[in-house]
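Data from query_29.pdb: PDB, C-alpha atoms
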```pdb
ATOM      1  CA  MET A 198    -120.226   2.496-265.340  1.00  0.00           C
ATOM      2  CA  SER A 199    -120.249  -0.587-263.139  1.00  0.00           C
ATOM      3  CA  GLU A 200    -118.381  -3.877-262.933  1.00  0.00           C
ATOM      4  CA  SER A 201    -119.190  -7.409-261.890  1.00  0.00           C
ATOM      5  CA  LEU A 202    -118.569  -8.469-258.299  1.00  0.00           C
ATOM      6  CA  LYS A 203    -117.592 -11.948-259.447  1.00  0.00           C
ATOM      7  CA  GLY A 204    -114.318 -12.956-257.829  1.00  0.00           C
ATOM      8  CA  LYS A 205    -114.671 -10.256-255.185  1.00  0.00           C
ATOM      9  CA  VAL A 206    -115.016 -10.868-251.439  1.00  0.00           C
ATOM     10  CA  ALA A 207    -117.586  -9.145-249.232  1.00  0.00           C
ATOM     11  CA  VAL A 208    -117.893  -9.156-245.453  1.00  0.00           C
ATOM     12  CA  ILE A 209    -121.489  -8.596-244.330  1.00  0.00           C
ATOM     13  CA  SER A 210    -122.711  -8.419-240.740  1.00  0.00           C
ATOM     14  CA  GLY A 211    -126.188  -9.148-239.425  1.00  0.00           C
ATOM     15  CA  VAL A 212    -127.228 -11.337-242.364  1.00  0.00           C
ATOM     16  CA  GLY A 213    -130.041 -13.124-240.535  1.00  0.00           C
ATOM     17  CA  SER A 214    -132.800 -10.798-241.720  1.00  0.00           C
ATOM     18  CA  GLY A 215    -133.837  -7.617-243.481  1.00  0.00           C
ATOM     19  CA  PHE A 216    -131.568  -5.447-245.597  1.00  0.00           C
ATOM     20  CA  SER A 217    -128.446  -7.443-244.816  1.00  0.00           C
ATOM     21  CA  LYS A 218    -129.977 -10.799-245.742  1.00  0.00           C
ATOM     22  CA  ALA A 219    -131.282  -9.345-249.009  1.00  0.00           C
ATOM     23  CA  THR A 220    -127.869  -7.875-249.824  1.00  0.00           C
ATOM     24  CA  ALA A 221    -125.974 -11.116-249.208  1.00  0.00           C
ATOM     25  CA  GLU A 222    -128.434 -13.060-251.338  1.00  0.00           C
ATOM     26  CA  LEU A 223    -128.326 -10.502-254.166  1.00  0.00           C
ATOM     27  CA  PHE A 224    -124.513 -10.555-254.218  1.00  0.00           C
ATOM     28  CA  ALA A 225    -124.693 -14.338-254.483  1.00  0.00           C
ATOM     29  CA  GLN A 226    -127.463 -14.519-257.073  1.00  0.00           C
ATOM     30  CA  LYS A 227    -126.128 -11.777-259.335  1.00  0.00           C
ATOM     31  CA  ASP A 228    -122.378 -12.393-259.349  1.00  0.00           C
ATOM     32  CA  LYS A 229    -121.586 -15.336-257.058  1.00  0.00           C
ATOM     33  CA  CYS A 230    -119.522 -12.948-254.945  1.00  0.00           C
ATOM     34  CA  SER A 231    -117.578 -14.762-252.197  1.00  0.00           C
ATOM     35  CA  LEU A 232    -119.025 -13.961-248.786  1.00  0.00           C
ATOM     36  CA  VAL A 233    -117.873 -13.850-245.178  1.00  0.00           C
ATOM     37  CA  MET A 234    -120.942 -13.356-243.022  1.00  0.00           C
ATOM     38  CA  PHE A 235    -122.067 -13.506-239.434  1.00  0.00           C
ATOM     39  CA  ASP A 236    -125.118 -12.968-237.274  1.00  0.00           C
ATOM     40  CA  ILE A 237    -125.914 -13.479-233.608  1.00  0.00           C
ATOM     41  CA  ASP A 238    -128.905 -15.665-234.559  1.00  0.00           C
ATOM     42  CA  LYS A 239    -127.406 -18.994-235.643  1.00  0.00           C
ATOM     43  CA  LYS A 240    -130.551 -20.391-237.272  1.00  0.00           C
ATOM     44  CA  SER A 241    -131.175 -17.295-239.406  1.00  0.00           C
ATOM     45  CA  LEU A 242    -127.486 -17.092-240.285  1.00  0.00           C
ATOM     46  CA  GLU A 243    -127.453 -20.674-241.551  1.00  0.00           C
ATOM     47  CA  GLU A 244    -130.555 -20.083-243.667  1.00  0.00           C
ATOM     48  CA  THR A 245    -128.999 -17.079-245.404  1.00  0.00           C
ATOM     49  CA  ALA A 246    -125.674 -18.862-245.864  1.00  0.00           C
ATOM     50  CA  GLN A 247    -127.417 -21.862-247.416  1.00  0.00           C
ATOM     51  CA  ASN A 248    -129.363 -19.626-249.808  1.00  0.00           C
ATOM     52  CA  CYS A 249    -126.127 -17.976-250.929  1.00  0.00           C
ATOM     53  CA  ARG A 250    -124.368 -21.292-251.425  1.00  0.00           C
ATOM     54  CA  LYS A 251    -127.272 -22.564-253.519  1.00  0.00           C
ATOM     55  CA  ALA A 252    -126.875 -19.483-255.705  1.00  0.00           C
ATOM     56  CA  GLY A 253    -123.257 -20.438-256.330  1.00  0.00           C
ATOM     57  CA  SER A 254    -121.287 -18.319-253.867  1.00  0.00           C
ATOM     58  CA  LYS A 255    -118.458 -19.529-251.702  1.00  0.00           C
ATOM     59  CA  VAL A 256    -119.509 -18.733-248.144  1.00  0.00           C
ATOM     60  CA  SER A 257    -117.619 -18.598-244.864  1.00  0.00           C
ATOM     61  CA  SER A 258    -120.104 -18.000-242.041  1.00  0.00           C
ATOM     62  CA  PHE A 259    -119.979 -17.979-238.262  1.00  0.00           C
ATOM     63  CA  GLN A 260    -122.152 -16.991-235.337  1.00  0.00           C
ATOM     64  CA  GLY A 261    -120.917 -13.669-234.001  1.00  0.00           C
ATOM     65  CA  ASP A 262    -121.864 -10.712-231.826  1.00  0.00           C
ATOM     66  CA  ALA A 263    -121.138  -7.340-233.465  1.00  0.00           C
ATOM     67  CA  THR A 264    -120.586  -5.710-230.076  1.00  0.00           C
ATOM     68  CA  LYS A 265    -117.505  -7.881-229.439  1.00  0.00           C
ATOM     69  CA  PRO A 266    -114.140  -6.867-230.983  1.00  0.00           C
ATOM     70  CA  GLY A 267    -113.141 -10.488-231.491  1.00  0.00           C
ATOM     71  CA  THR A 268    -116.005 -10.972-233.953  1.00  0.00           C
ATOM     72  CA  PHE A 269    -114.405  -8.662-236.502  1.00  0.00           C
ATOM     73  CA  LYS A 270    -110.977 -10.204-235.985  1.00  0.00           C
ATOM     74  CA  THR A 271    -112.556 -13.583-236.774  1.00  0.00           C
ATOM     75  CA  ALA A 272    -114.186 -12.160-239.912  1.00  0.00           C
ATOM     76  CA  LEU A 273    -110.894 -10.712-241.142  1.00  0.00           C
ATOM     77  CA  ASP A 274    -109.024 -13.934-240.411  1.00  0.00           C
ATOM     78  CA  LYS A 275    -111.606 -15.909-242.388  1.00  0.00           C
ATOM     79  CA  CYS A 276    -111.277 -13.520-245.335  1.00  0.00           C
ATOM     80  CA  LEU A 277    -107.530 -13.927-245.504  1.00  0.00           C
ATOM     81  CA  LYS A 278    -107.490 -17.673-244.818  1.00  0.00           C
ATOM     82  CA  ASP A 279    -110.348 -18.640-247.141  1.00  0.00           C
ATOM     83  CA  PHE A 280    -110.057 -16.024-249.895  1.00  0.00           C
ATOM     84  CA  GLY A 281    -106.775 -14.133-249.461  1.00  0.00           C
ATOM     85  CA  ARG A 282    -108.378 -10.712-249.774  1.00  0.00           C
ATOM     86  CA  VAL A 283    -111.344  -8.521-248.889  1.00  0.00           C
ATOM     87  CA  ASP A 284    -113.016  -6.060-251.227  1.00  0.00           C
ATOM     88  CA  PHE A 285    -116.123  -4.898-249.380  1.00  0.00           C
ATOM     89  CA  LEU A 286    -116.940  -4.385-245.712  1.00  0.00           C
ATOM     90  CA  ILE A 287    -120.659  -3.788-245.170  1.00  0.00           C
ATOM     91  CA  ASN A 288    -121.616  -2.924-241.612  1.00  0.00           C
ATOM     92  CA  TYR A 289    -125.307  -3.695-241.250  1.00  0.00           C
ATOM     93  CA  ALA A 290    -125.527  -4.983-237.681  1.00  0.00           C
ATOM     94  CA  GLY A 291    -127.706  -2.682-235.580  1.00  0.00           C
ATOM     95  CA  GLY A 292    -131.075  -2.264-233.969  1.00  0.00           C
ATOM     96  CA  ALA A 293    -133.223   0.045-231.877  1.00  0.00           C
ATOM     97  CA  ILE A 294    -133.383  -2.428-228.925  1.00  0.00           C
ATOM     98  CA  ARG A 295    -135.852  -0.196-227.068  1.00  0.00           C
ATOM     99  CA  VAL A 296    -137.887   2.857-228.076  1.00  0.00           C
ATOM    100  CA  ALA A 297    -139.368   4.760-225.130  1.00  0.00           C
ATOM    101  CA  PRO A 298    -139.531   8.134-223.333  1.00  0.00           C
ATOM    102  CA  ILE A 299    -136.053   9.158-222.201  1.00  0.00           C
ATOM    103  CA  GLU A 300    -136.835   8.744-218.505  1.00  0.00           C
ATOM    104  CA  GLU A 301    -137.583   5.083-219.188  1.00  0.00           C
ATOM    105  CA  MET A 302    -134.253   4.474-220.941  1.00  0.00           C
ATOM    106  CA  ASP A 303    -131.839   3.194-218.292  1.00  0.00           C
ATOM    107  CA  ASP A 304    -128.061   3.302-218.616  1.00  0.00           C
ATOM    108  CA  GLU A 305    -127.723  -0.387-219.449  1.00  0.00           C
ATOM    109  CA  VAL A 306    -130.160  -0.159-222.374  1.00  0.00           C
ATOM    110  CA  ASN A 307    -128.547   3.053-223.635  1.00  0.00           C
ATOM    111  CA  LYS A 308    -125.115   1.439-223.596  1.00  0.00           C
ATOM    112  CA  ARG A 309    -126.413  -1.577-225.515  1.00  0.00           C
ATOM    113  CA  ILE A 310    -127.906   0.716-228.176  1.00  0.00           C
ATOM    114  CA  ILE A 311    -124.672   2.673-228.575  1.00  0.00           C
ATOM    115  CA  ASP A 312    -122.522  -0.473-228.581  1.00  0.00           C
ATOM    116  CA  LEU A 313    -124.634  -2.172-231.242  1.00  0.00           C
ATOM    117  CA  ASN A 314    -125.167   0.797-233.546  1.00  0.00           C
ATOM    118  CA  LEU A 315    -122.016   2.909-233.164  1.00  0.00           C
ATOM    119  CA  ASN A 316    -119.201   1.079-231.423  1.00  0.00           C
ATOM    120  CA  SER A 317    -119.669  -1.997-233.606  1.00  0.00           C
ATOM    121  CA  VAL A 318    -119.072   0.124-236.716  1.00  0.00           C
ATOM    122  CA  ILE A 319    -115.976   1.723-235.207  1.00  0.00           C
ATOM    123  CA  MET A 320    -114.539  -1.659-234.186  1.00  0.00           C
ATOM    124  CA  SER A 321    -115.254  -3.149-237.597  1.00  0.00           C
ATOM    125  CA  CYS A 322    -113.604  -0.322-239.533  1.00  0.00           C
ATOM    126  CA  ARG A 323    -110.627  -0.247-237.157  1.00  0.00           C
ATOM    127  CA  THR A 324    -110.090  -3.984-237.626  1.00  0.00           C
ATOM    128  CA  PHE A 325    -110.241  -4.015-241.434  1.00  0.00           C
ATOM    129  CA  THR A 326    -108.479  -0.733-242.238  1.00  0.00           C
ATOM    130  CA  PRO A 327    -104.891  -2.098-241.993  1.00  0.00           C
ATOM    131  CA  GLN A 328    -105.736  -4.800-244.561  1.00  0.00           C
ATOM    132  CA  PHE A 329    -107.388  -2.304-246.902  1.00  0.00           C
ATOM    133  CA  LYS A 330    -104.335  -0.029-246.629  1.00  0.00           C
ATOM    134  CA  LYS A 331    -102.036  -2.950-247.339  1.00  0.00           C
ATOM    135  CA  GLN A 332    -104.065  -3.806-250.464  1.00  0.00           C
ATOM    136  CA  GLY A 333    -104.373  -0.175-251.551  1.00  0.00           C
ATOM    137  CA  TYR A 334    -108.081  -0.589-252.205  1.00  0.00           C
ATOM    138  CA  GLY A 335    -111.411  -1.544-250.648  1.00  0.00           C
ATOM    139  CA  LYS A 336    -114.891  -0.226-249.977  1.00  0.00           C
ATOM    140  CA  ILE A 337    -116.521   0.255-246.594  1.00  0.00           C
ATOM    141  CA  ILE A 338    -120.261   0.829-246.394  1.00  0.00           C
ATOM    142  CA  ASN A 339    -121.796   1.866-243.089  1.00  0.00           C
ATOM    143  CA  VAL A 340    -125.530   1.890-242.510  1.00  0.00           C
ATOM    144  CA  SER A 341    -127.285   4.713-240.729  1.00  0.00           C
ATOM    145  CA  SER A 342    -131.006   5.547-240.528  1.00  0.00           C
ATOM    146  CA  ALA A 343    -133.532   8.215-241.425  1.00  0.00           C
ATOM    147  CA  CYS A 344    -133.395   8.853-237.672  1.00  0.00           C
ATOM    148  CA  ASP A 345    -129.953  10.442-238.117  1.00  0.00           C
ATOM    149  CA  ARG A 346    -131.530  13.465-239.819  1.00  0.00           C
ATOM    150  CA  ARG A 347    -135.197  13.477-238.805  1.00  0.00           C
ATOM    151  CA  SER A 348    -136.630  13.533-235.299  1.00  0.00           C
ATOM    152  CA  TRP A 349    -139.387  11.374-233.851  1.00  0.00           C
ATOM    153  CA  PRO A 350    -140.474  11.096-230.198  1.00  0.00           C
ATOM    154  CA  GLU A 351    -138.878   8.328-228.110  1.00  0.00           C
ATOM    155  CA  TRP A 352    -136.181   7.482-230.669  1.00  0.00           C
ATOM    156  CA  SER A 353    -133.578   9.802-229.136  1.00  0.00           C
ATOM    157  CA  VAL A 354    -130.832   7.354-228.078  1.00  0.00           C
ATOM    158  CA  TYR A 355    -131.006   5.272-231.259  1.00  0.00           C
ATOM    159  CA  SER A 356    -131.032   8.471-233.328  1.00  0.00           C
ATOM    160  CA  ALA A 357    -127.979   9.804-231.497  1.00  0.00           C
ATOM    161  CA  ALA A 358    -126.059   6.597-232.216  1.00  0.00           C
ATOM    162  CA  LYS A 359    -126.973   6.672-235.908  1.00  0.00           C
ATOM    163  CA  ALA A 360    -126.095  10.372-236.217  1.00  0.00           C
ATOM    164  CA  ALA A 361    -122.691   9.488-234.800  1.00  0.00           C
ATOM    165  CA  VAL A 362    -122.297   6.781-237.468  1.00  0.00           C
ATOM    166  CA  ASN A 363    -122.947   9.483-240.063  1.00  0.00           C
ATOM    167  CA  SER A 364    -120.192  11.755-238.674  1.00  0.00           C
ATOM    168  CA  PHE A 365    -117.775   8.877-238.177  1.00  0.00           C
ATOM    169  CA  THR A 366    -118.251   7.762-241.787  1.00  0.00           C
ATOM    170  CA  ARG A 367    -117.660  11.251-243.199  1.00  0.00           C
ATOM    171  CA  CYS A 368    -114.417  11.598-241.247  1.00  0.00           C
ATOM    172  CA  LEU A 369    -113.270   8.108-242.176  1.00  0.00           C
ATOM    173  CA  TYR A 370    -113.850   8.879-245.860  1.00  0.00           C
ATOM    174  CA  ALA A 371    -111.526  11.871-245.575  1.00  0.00           C
ATOM    175  CA  GLU A 372    -108.957   9.781-243.707  1.00  0.00           C
ATOM    176  CA  LEU A 373    -108.906   6.754-246.003  1.00  0.00           C
ATOM    177  CA  ARG A 374    -109.517   8.348-249.411  1.00  0.00           C
ATOM    178  CA  PRO A 375    -105.776   9.028-249.990  1.00  0.00           C
ATOM    179  CA  HIS A 376    -105.155   5.285-249.524  1.00  0.00           C
ATOM    180  CA  GLY A 377    -107.542   4.319-252.334  1.00  0.00           C
ATOM    181  CA  ILE A 378    -110.234   3.216-249.890  1.00  0.00           C
ATOM    182  CA  CYS A 379    -113.849   4.248-250.451  1.00  0.00           C
ATOM    183  CA  VAL A 380    -116.027   4.864-247.384  1.00  0.00           C
ATOM    184  CA  GLY A 381    -119.741   5.481-247.831  1.00  0.00           C
ATOM    185  CA  LEU A 382    -122.945   5.797-245.874  1.00  0.00           C
ATOM    186  CA  VAL A 383    -126.337   4.360-246.801  1.00  0.00           C
ATOM    187  CA  VAL A 384    -129.395   5.821-245.069  1.00  0.00           C
ATOM    188  CA  PRO A 385    -132.594   3.729-245.096  1.00  0.00           C
ATOM    189  CA  GLY A 386    -136.102   4.821-244.288  1.00  0.00           C
ATOM    190  CA  GLY A 387    -138.412   2.565-242.296  1.00  0.00           C
ATOM    191  CA  SER A 388    -139.263  -0.868-243.635  1.00  0.00           C
ATOM    192  CA  ASN A 389    -141.144  -3.917-242.388  1.00  0.00           C
ATOM    193  CA  THR A 390    -138.222  -6.207-241.574  1.00  0.00           C
ATOM    194  CA  GLY A 391    -137.000  -8.081-238.511  1.00  0.00           C
ATOM    195  CA  PHE A 392    -136.064  -4.669-237.084  1.00  0.00           C
ATOM    196  CA  GLN A 393    -139.486  -4.312-235.467  1.00  0.00           C
ATOM    197  CA  ALA A 394    -139.538  -7.720-233.834  1.00  0.00           C
ATOM    198  CA  ALA A 395    -136.111  -7.123-232.301  1.00  0.00           C
ATOM    199  CA  ALA A 396    -136.995  -3.766-230.701  1.00  0.00           C
ATOM    200  CA  GLU A 397    -139.129  -3.239-227.620  1.00  0.00           C
ATOM    201  CA  ASN A 398    -142.168  -0.984-228.171  1.00  0.00           C
ATOM    202  CA  VAL A 399    -141.799  -0.872-231.975  1.00  0.00           C
ATOM    203  CA  GLU A 400    -144.867  -2.002-233.917  1.00  0.00           C
ATOM    204  CA  ASP A 401    -145.138  -2.928-237.580  1.00  0.00           C
ATOM    205  CA  PHE A 402    -145.290   0.137-239.759  1.00  0.00           C
ATOM    206  CA  GLU A 403    -148.751   0.650-241.214  1.00  0.00           C
ATOM    207  CA  TRP A 404    -148.360   1.579-244.854  1.00  0.00           C
ATOM    208  CA  ASP A 405    -148.831   0.257-248.353  1.00  0.00           C
ATOM    209  CA  GLU A 406    -146.052  -2.286-248.847  1.00  0.00           C
ATOM    210  CA  GLU A 407    -146.052  -1.674-252.607  1.00  0.00           C
ATOM    211  CA  MET A 408    -144.959   1.910-251.926  1.00  0.00           C
ATOM    212  CA  ALA A 409    -142.608   1.181-249.023  1.00  0.00           C
ATOM    213  CA  VAL A 410    -138.852   0.703-249.159  1.00  0.00           C
ATOM    214  CA  ARG A 411    -138.196  -3.023-249.028  1.00  0.00           C
ATOM    215  CA  PRO A 412    -135.040  -5.057-248.400  1.00  0.00           C
ATOM    216  CA  GLU A 413    -134.550  -5.710-252.110  1.00  0.00           C
ATOM    217  CA  HIS A 414    -134.490  -1.956-252.820  1.00  0.00           C
ATOM    218  CA  PHE A 415    -131.790  -1.436-250.252  1.00  0.00           C
ATOM    219  CA  ALA A 416    -129.790  -4.431-251.451  1.00  0.00           C
ATOM    220  CA  ASP A 417    -129.843  -3.105-255.012  1.00  0.00           C
ATOM    221  CA  MET A 418    -128.449   0.283-253.975  1.00  0.00           C
ATOM    222  CA  VAL A 419    -125.651  -1.300-251.934  1.00  0.00           C
ATOM    223  CA  TYR A 420    -124.820  -3.521-254.902  1.00  0.00           C
ATOM    224  CA  GLN A 421    -124.602  -0.475-257.173  1.00  0.00           C
ATOM    225  CA  ALA A 422    -122.285   1.281-254.713  1.00  0.00           C
ATOM    226  CA  CYS A 423    -119.976  -1.737-254.618  1.00  0.00           C
ATOM    227  CA  ALA A 424    -120.075  -2.207-258.403  1.00  0.00           C
ATOM    228  CA  LEU A 425    -118.799   1.302-259.156  1.00  0.00           C
ATOM    229  CA  THR A 426    -115.513   1.042-261.021  1.00  0.00           C
ATOM    230  CA  ARG A 427    -112.381   1.928-259.096  1.00  0.00           C
ATOM    231  CA  GLY A 428    -112.022   5.634-258.461  1.00  0.00           C
ATOM    232  CA  GLY A 429    -115.751   6.181-257.922  1.00  0.00           C
ATOM    233  CA  CYS A 430    -117.229   6.387-254.464  1.00  0.00           C
ATOM    234  CA  ALA A 431    -120.861   6.736-253.403  1.00  0.00           C
ATOM    235  CA  THR A 432    -120.222   8.742-250.230  1.00  0.00           C
ATOM    236  CA  GLU A 433    -123.903   8.850-249.250  1.00  0.00           C
ATOM    237  CA  MET A 434    -127.141   7.343-250.511  1.00  0.00           C
ATOM    238  CA  VAL A 435    -130.562   7.943-248.945  1.00  0.00           C
ATOM    239  CA  ILE A 436    -133.366   5.465-249.642  1.00  0.00           C
ATOM    240  CA  TYR A 437    -136.904   6.263-248.474  1.00  0.00           C
ATOM    241  CA  GLY A 438    -140.096   4.504-249.406  1.00  0.00           C
ATOM    242  CA  LEU A 439    -142.728   6.680-251.032  1.00  0.00           C
ATOM    243  CA  ALA A 440    -145.200   5.465-248.409  1.00  0.00           C
ATOM    244  CA  GLN A 441    -143.196   6.982-245.541  1.00  0.00           C
ATOM    245  CA  ASP A 442    -143.530  10.578-244.369  1.00  0.00           C
ATOM    246  CA  VAL A 443    -140.003  11.640-243.491  1.00  0.00           C
ATOM    247  CA  SER A 444    -140.716  15.339-242.997  1.00  0.00           C
ATOM    248  CA  GLY A 445    -140.010  15.046-239.265  1.00  0.00           C
ATOM    249  CA  TYR A 446    -138.635  17.909-237.159  1.00  0.00           C
TER     250      TYR A 446
END
```

So that I can check it, write out the structure of this file as structure tokens.
Amino acid sequence: MSESLKGKVAVISGVGSGFSKATAELFAQKDKCSLVMFDIDKKSLEETAQNCRKAGSKVSSFQGDATKPGTFKTALDKCLKDFGRVDFLINYAGGAIRVAPIEEMDDEVNKRIIDLNLNSVIMSCRTFTPQFKKQGYGKIINVSSACDRRSWPEWSVYSAAKAAVNSFTRCLYAELRPHGICVGLVVPGGSNTGFQAAAENVEDFEWDEEMAVRPEHFADMVYQACALTRGGCATEMVIYGLAQDVSGY
């Protein structure tokens, strides 16, 4: 059983492209869900925000860096000022940054990868949890990667960060469940999105797009997780495209 997201408020990070953009636009098109969104790329952010407004959603958007704690404080403040509540926190912001042999991964790059993919999720959840506890409800969805459970050469640092997101999410579910707060993890396989363009040494994936996981697939699964009636929680969903071999190590 599912319910409409109309009248609900969702916070979505990294809406400039890919899975996050598709999710924001689906929430707007399907139910006119109110949205608080941010991205580091101002032009892409404004395009997504405009698309959501055209679909009928109320949108509060701002340029923000997910590696900075103040970004999530701004998002929470906008939720409470503009809408008086928050129902969904969807932590999409992330990226490989650089994929290379470990000896070519310097400390600065490694820190950037961990800050963007792991620490951003921790900061986001830490910032919003007091409000969710005060409300007695809410849903947090963190986004991991097929790399958190399969192994490919040169993806070691990114994979480690995403595996940590997996463990963090499981523990947070156990911690927040008694407060009526759902915490779930969504695990995507590879897809041709802006992810490749933003990461050094990552090429477009060569597969049949009709059989690959696409942003709209991912957006639909996140929507379904959010639309579960109260009391239900999708603790983990894995979405692979049939075109991708995820046998790995």

Practice item. List every protein, DNA or RNA residue that has an atom no more than 12 Å from (-115.4, 6.4, -252.4) in the file's coordinate frame, counting all atoms listed in the file, and report them as number ranges by chain. Key: A: 285, 334-338, 366-367, 369-382, 422-434

Next on the checklist: List as a VMD selection string the protein and nucleic acid residues near segment 279-284 of chain A, meaning an atom at most 12 Å away when all atoms listed in the file are counted, but skip any in the same chain fewer than 4 places from it.
Outcome noted: chain A and resid 202 to 209 230 to 233 255 to 258 271 to 275 325 to 338 377 to 380 423 to 424 427

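You can rank A:Ile287, A:Ala360, A:Gln421, A:Val354 by their closest distance to Glu200 of chain A using all atoms listed in the file, and at the top of that list sits A:Gln421.
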
message: When the PyMOL selection byres ((chain A and resi 312-320) around 6) is applied to the structure above, which residues does it catch, written out as a list of chain:residue names?
response: A:Ala263, A:Thr264, A:Gly291, A:Lys308, A:Arg309, A:Ile310, A:Ile311, A:Ser321, A:Cys322, A:Arg323, A:Ala358, A:Val362

**Q.** Two-atom distance - atom CA of Ala409 of chain A, atom CA of Val443 of chain A (Å)
**A.**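 For atom CA of Ala409 of chain A relative to atom CA of Val443 of chain A, the distance reads 12.1 Å.
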
* Nearest-residue call for Phe216 of chain A, choices A:Asp405, A:Gly438, A:Val340, A:Cys368, using all atoms listed in the file ->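 Among A:Asp405, A:Gly438, A:Val340, A:Cys368, it is A:Val340 that comes nearest to Phe216 of chain A.
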
Could you jot down the atom CA of Arg250 of chain A to atom CA of Asp262 of chain A separation for me, Å, one decimal place?
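Going from atom CA of Arg250 of chain A over to atom CA of Asp262 of chain A, I get 22.4 Å.
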
For this session: Starting from the displayed file, determine the output of the PyMOL selection byres ((chain A and resi 238) around 10) and express the residue list as a ChimeraX atom specification.
Result: /A:211-214,235-237,239-243,259-262

Which residues come within 7 Å of Ala416 of chain A, counting only C-alpha atoms, excluding same-chain residues fewer than 3 positions away, as a VMD selection string? chain A and resid 216 219 to 220 223 412 to 413 419 to 420

Exercise for review: Could you list the residues chosen by the PyMOL selection byres ((chain A and resi 343) around 10) in this structure as a list in words?
Suggested key: Ser341, Ser342, Cys344, Asp345, Arg346, Arg347, Ser348, Ser356, Lys359, Ala360, Val383, Val384, Pro385, Gly386, Gly387, Val435, Ile436, Tyr437, Val443 and Gly445 of chain A

Shortest contact to Met302 of chain A, candidates A:Ser353, A:Phe415, A:Ser217, A:Val410, atoms counted all atoms listed in the file, goes to A:Ser353
